[in-house]
>>> print(open('structure-v8.json').read())   # JSON, C-alpha atoms and all ligand atoms
[["chain", "number", "residue", "atom", "x", "y", "z"],
["A", 1, "MET", "CA", 37.70, 14.51, 3.14],
["A", 2, "LYS", "CA", 41.11, 16.22, 3.57],
["A", 3, "LYS", "CA", 42.94, 13.08, 2.52],
["A", 4, "ILE", "CA", 40.82, 12.69, -0.60],
["A", 5, "GLU", "CA", 41.49, 16.31, -1.60],
["A", 6, "LYS", "CA", 45.23, 15.83, -1.17],
["A", 7, "VAL", "CA", 45.19, 12.78, -3.37],
["A", 8, "ASN", "CA", 43.21, 14.57, -6.06],
["A", 9, "LYS", "CA", 45.57, 17.56, -6.06],
["A", 10, "SER", "CA", 48.73, 15.50, -6.15],
["A", 11, "VAL", "CA", 50.00, 14.96, -9.68],
["A", 12, "PHE", "CA", 52.09, 11.99, -8.66],
["A", 13, "PHE", "CA", 49.50, 9.89, -6.85],
["A", 14, "LYS", "CA", 49.95, 6.20, -7.30],
["A", 15, "PRO", "CA", 47.47, 3.77, -8.84],
["A", 16, "LEU", "CA", 47.47, 1.93, -5.52],
["A", 17, "ASP", "CA", 46.02, 5.03, -3.84],
["A", 18, "ILE", "CA", 43.18, 5.09, -6.35],
["A", 19, "ALA", "CA", 42.54, 1.41, -5.73],
["A", 20, "PHE", "CA", 42.58, 2.01, -1.98],
["A", 21, "TYR", "CA", 39.99, 4.80, -2.16],
["A", 22, "ALA", "CA", 37.91, 2.86, -4.65],
["A", 23, "ILE", "CA", 37.77, -0.08, -2.24],
["A", 24, "ILE", "CA", 36.87, 2.24, 0.68],
["A", 25, "SER", "CA", 34.08, 3.80, -1.43],
["A", 26, "ILE", "CA", 32.69, 0.39, -2.39],
["A", 27, "LEU", "CA", 32.83, -0.72, 1.25],
["A", 28, "ILE", "CA", 30.90, 2.38, 2.33],
["A", 29, "ILE", "CA", 28.23, 1.77, -0.34],
["A", 30, "VAL", "CA", 27.93, -1.91, 0.64],
["A", 31, "LEU", "CA", 27.62, -0.99, 4.33],
["A", 32, "LEU", "CA", 24.94, 1.61, 3.54],
["A", 33, "CYS", "CA", 22.97, -0.99, 1.58],
["A", 34, "VAL", "CA", 23.29, -3.58, 4.35],
["A", 35, "PHE", "CA", 22.05, -1.15, 6.99],
["A", 36, "LEU", "CA", 19.39, 0.67, 4.97],
["A", 37, "ILE", "CA", 17.61, -2.22, 3.25],
["A", 38, "PRO", "CA", 16.66, -4.21, 6.37],
["A", 39, "LYS", "CA", 15.40, -0.99, 7.99],
["A", 40, "ASN", "CA", 13.20, -0.36, 4.99],
["A", 41, "GLU", "CA", 11.77, -3.87, 5.11],
["A", 42, "ASN", "CA", 11.28, -3.98, 8.84],
["A", 43, "THR", "CA", 9.23, -0.85, 9.32],
["A", 44, "LEU", "CA", 5.95, -2.77, 9.76],
["A", 45, "GLU", "CA", 4.69, -2.50, 13.32],
["A", 46, "LYS", "CA", 1.10, -3.53, 12.92],
["A", 47, "ILE", "CA", -1.36, -5.01, 10.45],
["A", 48, "GLU", "CA", -4.92, -3.75, 10.59],
["A", 49, "ILE", "CA", -7.81, -5.60, 8.98],
["A", 50, "TYR", "CA", -10.95, -3.59, 8.30],
["A", 51, "LYS", "CA", -14.45, -4.69, 7.47],
["A", 52, "GLY", "CA", -16.18, -1.60, 6.12],
["A", 53, "ASN", "CA", -14.92, 1.26, 8.27],
["A", 54, "GLU", "CA", -14.30, -0.81, 11.41],
["A", 55, "VAL", "CA", -10.99, -2.33, 12.45],
["A", 56, "ILE", "CA", -11.93, -5.94, 13.17],
["A", 57, "TYR", "CA", -8.45, -7.40, 13.70],
["A", 58, "THR", "CA", -4.93, -6.18, 14.42],
["A", 59, "TYR", "CA", -1.63, -8.02, 14.40],
["A", 60, "ASP", "CA", 1.22, -6.57, 16.46],
["A", 61, "TYR", "CA", 4.74, -7.26, 15.13],
["A", 62, "ASN", "CA", 6.36, -6.31, 18.44],
["A", 63, "LEU", "CA", 4.28, -8.78, 20.42],
["A", 64, "LEU", "CA", 3.97, -11.25, 17.51],
["A", 65, "GLN", "CA", 0.34, -11.52, 18.48],
["A", 66, "GLY", "CA", -3.01, -10.92, 16.87],
["A", 67, "ASN", "CA", -6.11, -9.47, 18.46],
["A", 68, "ILE", "CA", -9.75, -9.53, 17.42],
["A", 69, "GLU", "CA", -10.93, -5.95, 17.90],
["A", 70, "LYS", "CA", -14.58, -5.80, 16.99],
["A", 71, "LEU", "CA", -16.45, -8.54, 15.23],
["A", 72, "PRO", "CA", -19.50, -7.59, 13.17],
["A", 73, "SER", "CA", -22.48, -9.91, 13.51],
["A", 74, "GLU", "CA", -22.40, -13.02, 11.32],
["A", 75, "THR", "CA", -18.63, -12.71, 10.94],
["A", 76, "LEU", "CA", -16.16, -15.27, 12.28],
["A", 77, "ILE", "CA", -12.40, -15.10, 12.60],
["A", 78, "GLU", "CA", -10.30, -18.25, 12.62],
["A", 79, "GLU", "CA", -6.57, -18.12, 13.33],
["A", 80, "TYR", "CA", -3.81, -20.66, 12.95],
["A", 81, "ASP", "CA", -0.03, -20.87, 12.47],
["A", 82, "GLU", "CA", 1.64, -22.76, 9.65],
["A", 83, "ASN", "CA", 5.14, -22.64, 8.09],
["A", 84, "ASN", "CA", 6.21, -19.72, 10.32],
["A", 85, "CYS", "CA", 3.22, -17.66, 9.14],
["A", 86, "HIS", "CA", 0.14, -16.57, 11.03],
["A", 87, "TYR", "CA", -3.13, -17.05, 9.15],
["A", 88, "VAL", "CA", -6.31, -15.10, 9.77],
["A", 89, "LYS", "CA", -9.49, -16.29, 8.07],
["A", 90, "ILE", "CA", -12.43, -13.90, 8.01],
["A", 91, "ILE", "CA", -15.60, -15.85, 7.40],
["A", 92, "THR", "CA", -19.22, -14.93, 6.83],
["A", 93, "GLU", "CA", -22.04, -17.18, 5.69],
["A", 94, "GLU", "CA", -21.09, -16.87, 2.02],
["A", 95, "SER", "CA", -17.65, -15.31, 1.96],
["A", 96, "TYR", "CA", -14.13, -15.84, 3.22],
["A", 97, "ASN", "CA", -10.79, -14.06, 3.06],
["A", 98, "LEU", "CA", -7.57, -15.70, 4.18],
["A", 99, "VAL", "CA", -4.82, -13.30, 5.26],
["A", 100, "GLU", "CA", -1.23, -14.54, 5.53],
["A", 101, "ILE", "CA", 0.96, -12.65, 8.00],
["A", 102, "GLY", "CA", 4.68, -13.39, 7.65],
["A", 103, "SER", "CA", 7.65, -12.10, 9.61],
["A", 104, "ASN", "CA", 7.80, -8.83, 7.64],
["A", 105, "TYR", "CA", 4.83, -8.83, 5.28],
["A", 106, "ALA", "CA", 1.13, -9.54, 4.96],
["A", 107, "LEU", "CA", -0.89, -10.61, 1.93],
["A", 108, "MET", "CA", -4.28, -11.94, 0.87],
["A", 109, "LYS", "CA", -3.64, -15.65, 0.43],
["A", 110, "ASP", "CA", -7.10, -16.70, -0.65],
["A", 111, "ALA", "CA", -10.62, -15.37, -1.09],
["A", 112, "ASN", "CA", -13.87, -16.39, -2.79],
["A", 113, "CYS", "CA", -14.90, -12.87, -3.87],
["A", 114, "SER", "CA", -14.78, -13.76, -7.57],
["A", 115, "HIS", "CA", -13.31, -16.32, -9.94],
["A", 116, "TYR", "CA", -10.20, -14.19, -10.45],
["A", 117, "ALA", "CA", -10.01, -12.75, -6.90],
["A", 118, "PRO", "CA", -8.25, -9.42, -7.55],
["A", 119, "CYS", "CA", -7.41, -8.99, -3.85],
["A", 120, "VAL", "CA", -5.32, -12.17, -4.08],
["A", 121, "ASN", "CA", -3.82, -11.72, -7.54],
["A", 122, "ASN", "CA", -3.57, -7.96, -8.15],
["A", 123, "PHE", "CA", -2.04, -6.70, -4.91],
["A", 124, "SER", "CA", 1.57, -7.11, -3.89],
["A", 125, "ALA", "CA", 2.39, -7.94, -0.28],
["A", 126, "ILE", "CA", 2.16, -5.28, 2.41],
["A", 127, "LYS", "CA", 5.69, -4.47, 3.55],
["A", 128, "LYS", "CA", 5.63, -0.93, 4.94],
["A", 129, "ASP", "CA", 3.49, 1.79, 6.43],
["A", 130, "GLY", "CA", 0.57, 2.77, 4.19],
["A", 131, "ASP", "CA", 0.61, -0.36, 2.01],
["A", 132, "ILE", "CA", -2.91, -1.61, 1.44],
["A", 133, "ILE", "CA", -4.87, -4.57, 0.03],
["A", 134, "VAL", "CA", -8.58, -4.18, -0.70],
["A", 135, "CYS", "CA", -11.27, -6.76, -1.32],
["A", 136, "MET", "CA", -14.11, -4.65, -2.67],
["A", 137, "PRO", "CA", -16.89, -7.31, -2.81],
["A", 138, "HIS", "CA", -16.28, -8.35, 0.82],
["A", 139, "GLN", "CA", -15.46, -4.82, 2.06],
["A", 140, "ILE", "CA", -12.24, -6.16, 3.57],
["A", 141, "LYS", "CA", -9.17, -3.95, 3.73],
["A", 142, "ILE", "CA", -5.69, -4.85, 5.03],
["A", 143, "VAL", "CA", -3.49, -1.91, 6.00],
["A", 144, "GLY", "CA", 0.18, -1.83, 6.97],
["A", 145, "VAL", "CA", 1.05, 0.41, 9.91],
["A", 146, "GLY", "CA", 4.71, 1.11, 10.49],
["A", 147, "ASN", "CA", 7.36, 3.46, 11.68],
["A", 148, "LYS", "CA", 6.49, 6.58, 9.67],
["A", 149, "GLN", "CA", 9.80, 8.39, 10.39],
["A", 150, "ASN", "CA", 11.91, 5.52, 9.09],
["A", 151, "SER", "CA", 9.86, 4.98, 5.96],
["A", 152, "ASN", "CA", 9.90, 8.72, 5.16],
["A", 153, "GLU", "CA", 13.66, 8.84, 5.56],
["A", 154, "VAL", "CA", 14.05, 5.99, 3.14],
["A", 155, "ARG", "CA", 11.65, 7.52, 0.61],
["A", 156, "ILE", "CA", 13.58, 10.84, 0.57],
["B", 1, "ZN", "ZN", -11.41, -10.19, -2.91]]
>>> encode(input="structure-v8.json", output="structure tokens")
Amino acid sequence: MKKIEKVNKSVFFKPLDIAFYAIISILIIVLLCVFLIPKNENTLEKIEIYKGNEVIYTYDYNLLQGNIEKLPSETLIEEYDENNCHYVKIITEESYNLVEIGSNYALMKDANCSHYAPCVNNFSAIKKDGDIIVCMPHQIKIVGVGNKQNSNEVRI
């Protein structure tokens, strides 16, 4: 700070000095971006899948492992891995929802709730705490759970 003040006060500062401080400023901005953006994207700690008000499935990003919590009657969960993604298919007699869980996101990949399937086409991927995808006809809800302190810092 002192150095910058001196430069600003000096009448005879050289163009090279300006260039030097401009480069330092740009470097600082670039470094801030590099460190802040990955933090923002990597705040997901868990994915919770609800059926009605019950959590039926959770995926833990620290363990890289999913867990079936509580399965309602006549509901099946199938899991498989493909192309570095974990897939969770929630199946009942007439309905299915396919959830894709990637390294830092989750989304509704497929569902047969309607011809247009709003849960697949209208929602963007879950990437941070509080993000949500809802399938109203099937009462399925996907919720992102993350580091609340980090995501608040970034939002401010
Ligand atoms: Zn749906």
>>> closest_residue(input="structure-v8.json", among="A:Val143, A:Leu27, A:Leu32, A:Leu16", to="Val99 (chain A)", atoms="only C-alpha atoms")
A:Val143
>>> closest_atom_pairs(input="structure-v8.json", of="chain A", to="ligand ZN 1 (chain B)", cutoff="8 Å", atoms="only C-alpha atoms and all ligand atoms", output="JSON lines")
{"residue": "A:Asn97", "atom": "CA", "partner": "B:ZN1", "partner_atom": "ZN", "distance": 7.1}
{"residue": "A:Ala111", "atom": "CA", "partner": "B:ZN1", "partner_atom": "ZN", "distance": 5.5}
{"residue": "A:Asn112", "atom": "CA", "partner": "B:ZN1", "partner_atom": "ZN", "distance": 6.7}
{"residue": "A:Cys113", "atom": "CA", "partner": "B:ZN1", "partner_atom": "ZN", "distance": 4.5}
{"residue": "A:Ser114", "atom": "CA", "partner": "B:ZN1", "partner_atom": "ZN", "distance": 6.8}
{"residue": "A:Ala117", "atom": "CA", "partner": "B:ZN1", "partner_atom": "ZN", "distance": 4.9}
{"residue": "A:Pro118", "atom": "CA", "partner": "B:ZN1", "partner_atom": "ZN", "distance": 5.7}
{"residue": "A:Cys119", "atom": "CA", "partner": "B:ZN1", "partner_atom": "ZN", "distance": 4.3}
{"residue": "A:Val120", "atom": "CA", "partner": "B:ZN1", "partner_atom": "ZN", "distance": 6.5}
{"residue": "A:Val134", "atom": "CA", "partner": "B:ZN1", "partner_atom": "ZN", "distance": 7.0}
{"residue": "A:Cys135", "atom": "CA", "partner": "B:ZN1", "partner_atom": "ZN", "distance": 3.8}
{"residue": "A:Met136", "atom": "CA", "partner": "B:ZN1", "partner_atom": "ZN", "distance": 6.2}
{"residue": "A:Pro137", "atom": "CA", "partner": "B:ZN1", "partner_atom": "ZN", "distance": 6.2}
{"residue": "A:His138", "atom": "CA", "partner": "B:ZN1", "partner_atom": "ZN", "distance": 6.4}
{"residue": "A:Ile140", "atom": "CA", "partner": "B:ZN1", "partner_atom": "ZN", "distance": 7.7}
>>> closest_residue(input="structure-v8.json", among="A:Met108, A:Ile101, A:Ile68, A:Leu44", to="Asp81 (chain A)", atoms="only C-alpha atoms")
A:Ile101
>>> atom_distance(input="structure-v8.json", atom1="CA of Glu78 (chain A)", atom2="CA of Lys128 (chain A)")
24.8 Å
>>> closest_residue(input="structure-v8.json", among="A:Leu31, A:Ala106, A:Ile24, A:Ile133", to="Lys46 (chain A)", atoms="all atoms listed in the file")
A:Ala106
>>> atom_distance(input="structure-v8.json", atom1="CA of Tyr96 (chain A)", atom2="CA of Glu45 (chain A)")
25.2 Å
>>> build_atoms(input="structure-v8.json", residues="region 75-99 of chain A", atoms="N, CA and C atoms", output="PDB file, keeping the file's coordinate frame")
ATOM      1  N   THR A  75     -20.005 -12.596  11.420  1.00  0.00           N
ATOM      2  CA  THR A  75     -18.630 -12.710  10.940  1.00  0.00           C
ATOM      3  C   THR A  75     -17.818 -13.507  11.955  1.00  0.00           C
ATOM      4  N   LEU A  76     -17.020 -14.424  11.428  1.00  0.00           N
ATOM      5  CA  LEU A  76     -16.160 -15.270  12.280  1.00  0.00           C
ATOM      6  C   LEU A  76     -14.707 -15.029  11.907  1.00  0.00           C
ATOM      7  N   ILE A  77     -13.832 -15.143  12.896  1.00  0.00           N
ATOM      8  CA  ILE A  77     -12.400 -15.100  12.600  1.00  0.00           C
ATOM      9  C   ILE A  77     -11.744 -16.366  13.134  1.00  0.00           C
ATOM     10  N   GLU A  78     -11.067 -17.065  12.224  1.00  0.00           N
ATOM     11  CA  GLU A  78     -10.300 -18.250  12.620  1.00  0.00           C
ATOM     12  C   GLU A  78      -8.820 -17.931  12.460  1.00  0.00           C
ATOM     13  N   GLU A  79      -8.008 -18.369  13.411  1.00  0.00           N
ATOM     14  CA  GLU A  79      -6.570 -18.120  13.330  1.00  0.00           C
ATOM     15  C   GLU A  79      -5.800 -19.412  13.488  1.00  0.00           C
ATOM     16  N   TYR A  80      -4.709 -19.525  12.744  1.00  0.00           N
ATOM     17  CA  TYR A  80      -3.810 -20.660  12.950  1.00  0.00           C
ATOM     18  C   TYR A  80      -2.413 -20.324  12.436  1.00  0.00           C
ATOM     19  N   ASP A  81      -1.426 -21.076  12.894  1.00  0.00           N
ATOM     20  CA  ASP A  81      -0.030 -20.870  12.470  1.00  0.00           C
ATOM     21  C   ASP A  81       0.415 -22.048  11.624  1.00  0.00           C
ATOM     22  N   GLU A  82       1.141 -21.712  10.540  1.00  0.00           N
ATOM     23  CA  GLU A  82       1.640 -22.760   9.650  1.00  0.00           C
ATOM     24  C   GLU A  82       2.860 -22.228   8.913  1.00  0.00           C
ATOM     25  N   ASN A  83       3.916 -23.019   8.815  1.00  0.00           N
ATOM     26  CA  ASN A  83       5.140 -22.640   8.090  1.00  0.00           C
ATOM     27  C   ASN A  83       5.651 -21.258   8.494  1.00  0.00           C
ATOM     28  N   ASN A  84       5.723 -20.988   9.782  1.00  0.00           N
ATOM     29  CA  ASN A  84       6.210 -19.720  10.320  1.00  0.00           C
ATOM     30  C   ASN A  84       5.347 -18.516   9.925  1.00  0.00           C
ATOM     31  N   CYS A  85       4.134 -18.756   9.463  1.00  0.00           N
ATOM     32  CA  CYS A  85       3.220 -17.660   9.140  1.00  0.00           C
ATOM     33  C   CYS A  85       1.990 -17.756  10.037  1.00  0.00           C
ATOM     34  N   HIS A  86       1.387 -16.603  10.272  1.00  0.00           N
ATOM     35  CA  HIS A  86       0.140 -16.570  11.030  1.00  0.00           C
ATOM     36  C   HIS A  86      -0.995 -16.342  10.019  1.00  0.00           C
ATOM     37  N   TYR A  87      -2.026 -17.162  10.099  1.00  0.00           N
ATOM     38  CA  TYR A  87      -3.130 -17.050   9.150  1.00  0.00           C
ATOM     39  C   TYR A  87      -4.390 -16.585   9.857  1.00  0.00           C
ATOM     40  N   VAL A  88      -5.074 -15.643   9.222  1.00  0.00           N
ATOM     41  CA  VAL A  88      -6.310 -15.100   9.770  1.00  0.00           C
ATOM     42  C   VAL A  88      -7.391 -15.290   8.700  1.00  0.00           C
ATOM     43  N   LYS A  89      -8.419 -16.058   9.035  1.00  0.00           N
ATOM     44  CA  LYS A  89      -9.490 -16.290   8.070  1.00  0.00           C
ATOM     45  C   LYS A  89     -10.738 -15.567   8.545  1.00  0.00           C
ATOM     46  N   ILE A  90     -11.236 -14.667   7.696  1.00  0.00           N
ATOM     47  CA  ILE A  90     -12.430 -13.900   8.010  1.00  0.00           C
ATOM     48  C   ILE A  90     -13.593 -14.536   7.258  1.00  0.00           C
ATOM     49  N   ILE A  91     -14.558 -15.026   8.007  1.00  0.00           N
ATOM     50  CA  ILE A  91     -15.600 -15.850   7.400  1.00  0.00           C
ATOM     51  C   ILE A  91     -16.979 -15.262   7.673  1.00  0.00           C
ATOM     52  N   THR A  92     -17.793 -15.174   6.641  1.00  0.00           N
ATOM     53  CA  THR A  92     -19.220 -14.930   6.830  1.00  0.00           C
ATOM     54  C   THR A  92     -19.965 -16.108   6.205  1.00  0.00           C
ATOM     55  N   GLU A  93     -21.267 -16.035   6.173  1.00  0.00           N
ATOM     56  CA  GLU A  93     -22.040 -17.180   5.690  1.00  0.00           C
ATOM     57  C   GLU A  93     -21.637 -17.572   4.269  1.00  0.00           C
ATOM     58  N   GLU A  94     -21.385 -16.562   3.419  1.00  0.00           N
ATOM     59  CA  GLU A  94     -21.090 -16.870   2.020  1.00  0.00           C
ATOM     60  C   GLU A  94     -19.675 -16.520   1.592  1.00  0.00           C
ATOM     61  N   SER A  95     -18.943 -15.805   2.419  1.00  0.00           N
ATOM     62  CA  SER A  95     -17.650 -15.310   1.960  1.00  0.00           C
ATOM     63  C   SER A  95     -16.521 -15.699   2.912  1.00  0.00           C
ATOM     64  N   TYR A  96     -15.304 -15.722   2.357  1.00  0.00           N
ATOM     65  CA  TYR A  96     -14.130 -15.840   3.220  1.00  0.00           C
ATOM     66  C   TYR A  96     -12.945 -15.121   2.602  1.00  0.00           C
ATOM     67  N   ASN A  97     -12.082 -14.623   3.464  1.00  0.00           N
ATOM     68  CA  ASN A  97     -10.790 -14.060   3.060  1.00  0.00           C
ATOM     69  C   ASN A  97      -9.729 -14.640   3.977  1.00  0.00           C
ATOM     70  N   LEU A  98      -8.657 -15.139   3.376  1.00  0.00           N
ATOM     71  CA  LEU A  98      -7.570 -15.700   4.180  1.00  0.00           C
ATOM     72  C   LEU A  98      -6.360 -14.774   4.076  1.00  0.00           C
ATOM     73  N   VAL A  99      -5.950 -14.225   5.211  1.00  0.00           N
ATOM     74  CA  VAL A  99      -4.820 -13.300   5.260  1.00  0.00           C
ATOM     75  C   VAL A  99      -3.601 -14.043   5.809  1.00  0.00           C
TER      76      VAL A  99
END
